[in-house]
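Undergrad: What follows is a single structure, and I will ask about it in a moment.
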Amino acid sequence: MVKPHEIFLRFSPNHNARPAEEIALIVLHYTGMQSEEEALEHLCSAQSKVSAHYFINEEGAIFQLVEEDRRAWHAGVGVWRGHENINDISIGIELVNPGHEWGYRLFPEVQIDALRSLCLDIITRYELPSHAVIGHSDLAPTRKQDPGEFFPWRELASHGIGIWHDVVPQEDAPRATELKDEHRKQLRALGYAVDHENESSVIMAFQRHYRPEYITGTWDEHCTLCLHALMAKL
């Protein structure tokens, strides 16, 4: 078994120069492919035109594919806090998991331990706030679901990686309510690029990240409580 948290170098040709902007985000992904080998080959193939800075397998081994001072091609089309070119300002981390298409499953503890160590190191070096760690689905809610509802956001937030709320999960399905303008304003302050066309997708992304017990795409009372609590963390 590979030693957990050891960083191996594996070259991906899919990167270019960063613009003169500071690194401001860590974006977390799942690989969404049937095997670790297939995913790693894909990220390192010149034909794929995709990459990430880091790749963490289910045994906790970390592979660096692109140097941090280079612009890896991981985020694609998306917006976060008004910024449209997410690759310019982010470090991308891929976690081996087959994803929703190929048998989505829980992330092994050793894999999350490696991710925690890596994220804390990046956060410290770039002096990033906790809320600077997001999922791919947060910035691209109409296209992406990763890292998904099984991802342990609450656990990581307890270590300063991402933010969480203190709202108790509901046992029963919460009552649907209207998404008001004040909620849209707060979602935008959190980072989501919400508008009337993508509203349901943004709600689903918010729920997948912060309220994974009920992912409906419909706003409800419990979402409001979670959002208000999150705003206090910014």
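Residues are referred to by chain and number: the chain letter is A, B, ... according to the order shown in the structure tokens, the number counts from 1 in that chain, and ligands are numbered separately from 1 in the order shown.
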Please extract the residues of region 46-91 of chain A with a backbone DSSP assignment of alpha helix (DSSP H) and present them as JSON, numbers by chain.
TA: {"A": [86, 87, 88, 89]}
Undergrad: So that I can see what lies close to region 65-74 of chain A, please list as a count of residues only the residues with an atom at most 9 Å from it, counting only C-alpha atoms and leaving out residues fewer than 4 positions away in the same chain.
TA: 34
Undergrad: Using only C-alpha atoms, find each residue in region 40-154 of chain A having at least one atom no more than 12 Å away from region 226-233 of chain A; report its shortest atom-to-atom pair and that distance in Å (one decimal), rows by chain then rising number, as a Markdown table.
TA:
```
| residue | atom | partner | partner_atom | distance |
| --- | --- | --- | --- | --- |
| A:Pro129 | CA | A:Lys233 | CA | 10.4 |
| A:Ser130 | CA | A:Lys233 | CA | 9.0 |
| A:His131 | CA | A:Lys233 | CA | 8.2 |
| A:Ala132 | CA | A:Lys233 | CA | 11.9 |
```
Undergrad: At a cut-off of 8 Å, using only C-alpha atoms, what residues contact Thr218 (chain A)? Leave out same-chain residues fewer than 6 positions from it and give the result as a ChimeraX atom specification.
TA: /A:176-177,200,203-204
Undergrad: Of the candidates A:Ala193, A:Val133, A:Leu225, A:Ile215, which shows the shortest atom-to-atom distance to Val167 (chain A), using only C-alpha atoms?
TA: A:Leu225
Undergrad: What is the distance between CA of Leu187 (chain A) and CA of Gly135 (chain A), in Å to one decimal?
TA: 14.9 Å
Undergrad: Would you give me, as a list of chain:residue names, the residues in region 14-206 of chain A that DSSP reads as strand (DSSP E)?
TA: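 Selecting the strand (DSSP E) positions of region 14-206 of chain A gives A:His15, A:Asn16, A:Ala17, A:Leu25, A:Ile26, A:Val27, A:Leu28, A:His29, A:Tyr30, A:Tyr54, A:Phe55, A:Ile56, A:Ile62, A:Phe63, A:Gln64, A:Arg70, A:Arg71, A:Ala72, A:Ser90, A:Ile91, A:Gly92, A:Ile93, A:Glu94, A:Leu95, A:Val133, A:Ile134, A:Gly135.
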Undergrad: With C-alpha atoms retained, write the just-selected residues as a PDB file, in the first residue's frame.
TA:
```
ATOM      1  CA  HIS A  15      -1.768  23.805 -18.081  1.00  0.00           C
ATOM      2  CA  ASN A  16      -0.728  27.311 -19.019  1.00  0.00           C
ATOM      3  CA  ALA A  17       0.535  30.500 -17.407  1.00  0.00           C
ATOM      4  CA  LEU A  25      -9.827  29.371  -4.081  1.00  0.00           C
ATOM      5  CA  ILE A  26      -9.414  25.647  -3.647  1.00  0.00           C
ATOM      6  CA  VAL A  27     -11.876  23.725  -5.826  1.00  0.00           C
ATOM      7  CA  LEU A  28     -12.650  20.109  -4.925  1.00  0.00           C
ATOM      8  CA  HIS A  29     -13.726  17.531  -7.515  1.00  0.00           C
ATOM      9  CA  TYR A  30     -14.391  13.830  -7.791  1.00  0.00           C
ATOM     10  CA  TYR A  54      -3.473  17.428  -7.255  1.00  0.00           C
ATOM     11  CA  PHE A  55      -4.999  13.953  -7.458  1.00  0.00           C
ATOM     12  CA  ILE A  56      -5.740  11.910  -4.323  1.00  0.00           C
ATOM     13  CA  ILE A  62      -1.340  12.414  -3.368  1.00  0.00           C
ATOM     14  CA  PHE A  63      -0.093  13.011  -6.895  1.00  0.00           C
ATOM     15  CA  GLN A  64       0.896  16.494  -8.020  1.00  0.00           C
ATOM     16  CA  ARG A  70       0.635  27.205 -13.305  1.00  0.00           C
ATOM     17  CA  ARG A  71      -3.013  27.370 -14.376  1.00  0.00           C
ATOM     18  CA  ALA A  72      -4.491  23.856 -14.374  1.00  0.00           C
ATOM     19  CA  SER A  90      -7.745  28.457  -7.985  1.00  0.00           C
ATOM     20  CA  ILE A  91      -5.999  25.241  -7.096  1.00  0.00           C
ATOM     21  CA  GLY A  92      -7.896  22.161  -8.244  1.00  0.00           C
ATOM     22  CA  ILE A  93      -7.893  18.875  -6.328  1.00  0.00           C
ATOM     23  CA  GLU A  94      -9.347  15.660  -7.771  1.00  0.00           C
ATOM     24  CA  LEU A  95     -10.483  12.873  -5.457  1.00  0.00           C
ATOM     25  CA  VAL A 133     -12.732  25.974  -0.244  1.00  0.00           C
ATOM     26  CA  ILE A 134     -15.651  25.045  -2.511  1.00  0.00           C
ATOM     27  CA  GLY A 135     -16.953  22.205  -4.642  1.00  0.00           C
TER      28      GLY A 135
END
```
Undergrad: Quick one: everything within 10 Å of Pro108 (chain A), counting only C-alpha atoms, minus sequence neighbours fewer than 2 positions away in the same chain. Send it as a list in words.
TA: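 Counting only C-alpha atoms, the residues come to Asn57, Glu58, Glu59, Gly60, Val96, Asn97, Arg105, Leu106, Val110, Gln111, Ile112 and Asp113 of chain A.
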Undergrad: I need the residues from that last selection saved to file as a short mmCIF file (atom, residue, chain, number, x, y, z; two decimals), in the first residue's frame (with N, CA and C atoms), if you can.
TA:
```cif
data_model
loop_
_atom_site.label_atom_id
_atom_site.label_comp_id
_atom_site.auth_asym_id
_atom_site.auth_seq_id
_atom_site.Cartn_x
_atom_site.Cartn_y
_atom_site.Cartn_z
N ASN A 57 -5.82 9.49 -4.40
CA ASN A 57 -6.51 8.21 -4.58
C ASN A 57 -7.16 7.73 -3.28
N GLU A 58 -7.82 6.60 -3.34
CA GLU A 58 -8.58 6.13 -2.19
C GLU A 58 -7.71 5.52 -1.10
N GLU A 59 -6.42 5.41 -1.36
CA GLU A 59 -5.48 4.97 -0.33
C GLU A 59 -4.79 6.14 0.34
N GLY A 60 -5.12 7.36 -0.07
CA GLY A 60 -4.54 8.54 0.53
C GLY A 60 -3.25 9.02 -0.10
N VAL A 96 -10.32 10.57 -6.16
CA VAL A 96 -10.80 9.38 -6.85
C VAL A 96 -12.13 8.94 -6.26
N ASN A 97 -13.14 8.91 -7.10
CA ASN A 97 -14.48 8.43 -6.74
C ASN A 97 -15.22 8.29 -8.07
N ARG A 105 -19.89 6.63 -4.18
CA ARG A 105 -19.72 5.99 -2.88
C ARG A 105 -19.05 6.94 -1.90
N LEU A 106 -19.06 6.54 -0.64
CA LEU A 106 -18.43 7.33 0.41
C LEU A 106 -16.93 7.45 0.15
N VAL A 110 -9.04 7.57 4.95
CA VAL A 110 -7.63 7.85 4.66
C VAL A 110 -7.51 8.86 3.51
N GLN A 111 -8.42 8.83 2.59
CA GLN A 111 -8.42 9.80 1.49
C GLN A 111 -8.75 11.20 2.00
N ILE A 112 -9.73 11.29 2.89
CA ILE A 112 -10.10 12.58 3.47
C ILE A 112 -8.99 13.10 4.38
N ASP A 113 -8.31 12.21 5.09
CA ASP A 113 -7.17 12.63 5.92
C ASP A 113 -6.09 13.28 5.06
#
```
Undergrad: Interatomic distance between CA of Asp195 (chain A) and CA of His222 (chain A)?
TA: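 Computing the Euclidean distance for CA of Asp195 (chain A) and CA of His222 (chain A) yields 20.7 Å.
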Undergrad: Using CA of Pro152 (chain A) and CA of Glu213 (chain A) as the two end points, give the distance in Å to one decimal.
TA: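 A separation of 12.5 Å between them.
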Undergrad: Which residues, written as an MDAnalysis selection string, have at least one atom at most 8 Å from Phe151 (chain A), with only C-alpha atoms counted and residues fewer than 2 positions away on the same chain left out?
TA: chainID A and resid 106:107 147:149 153
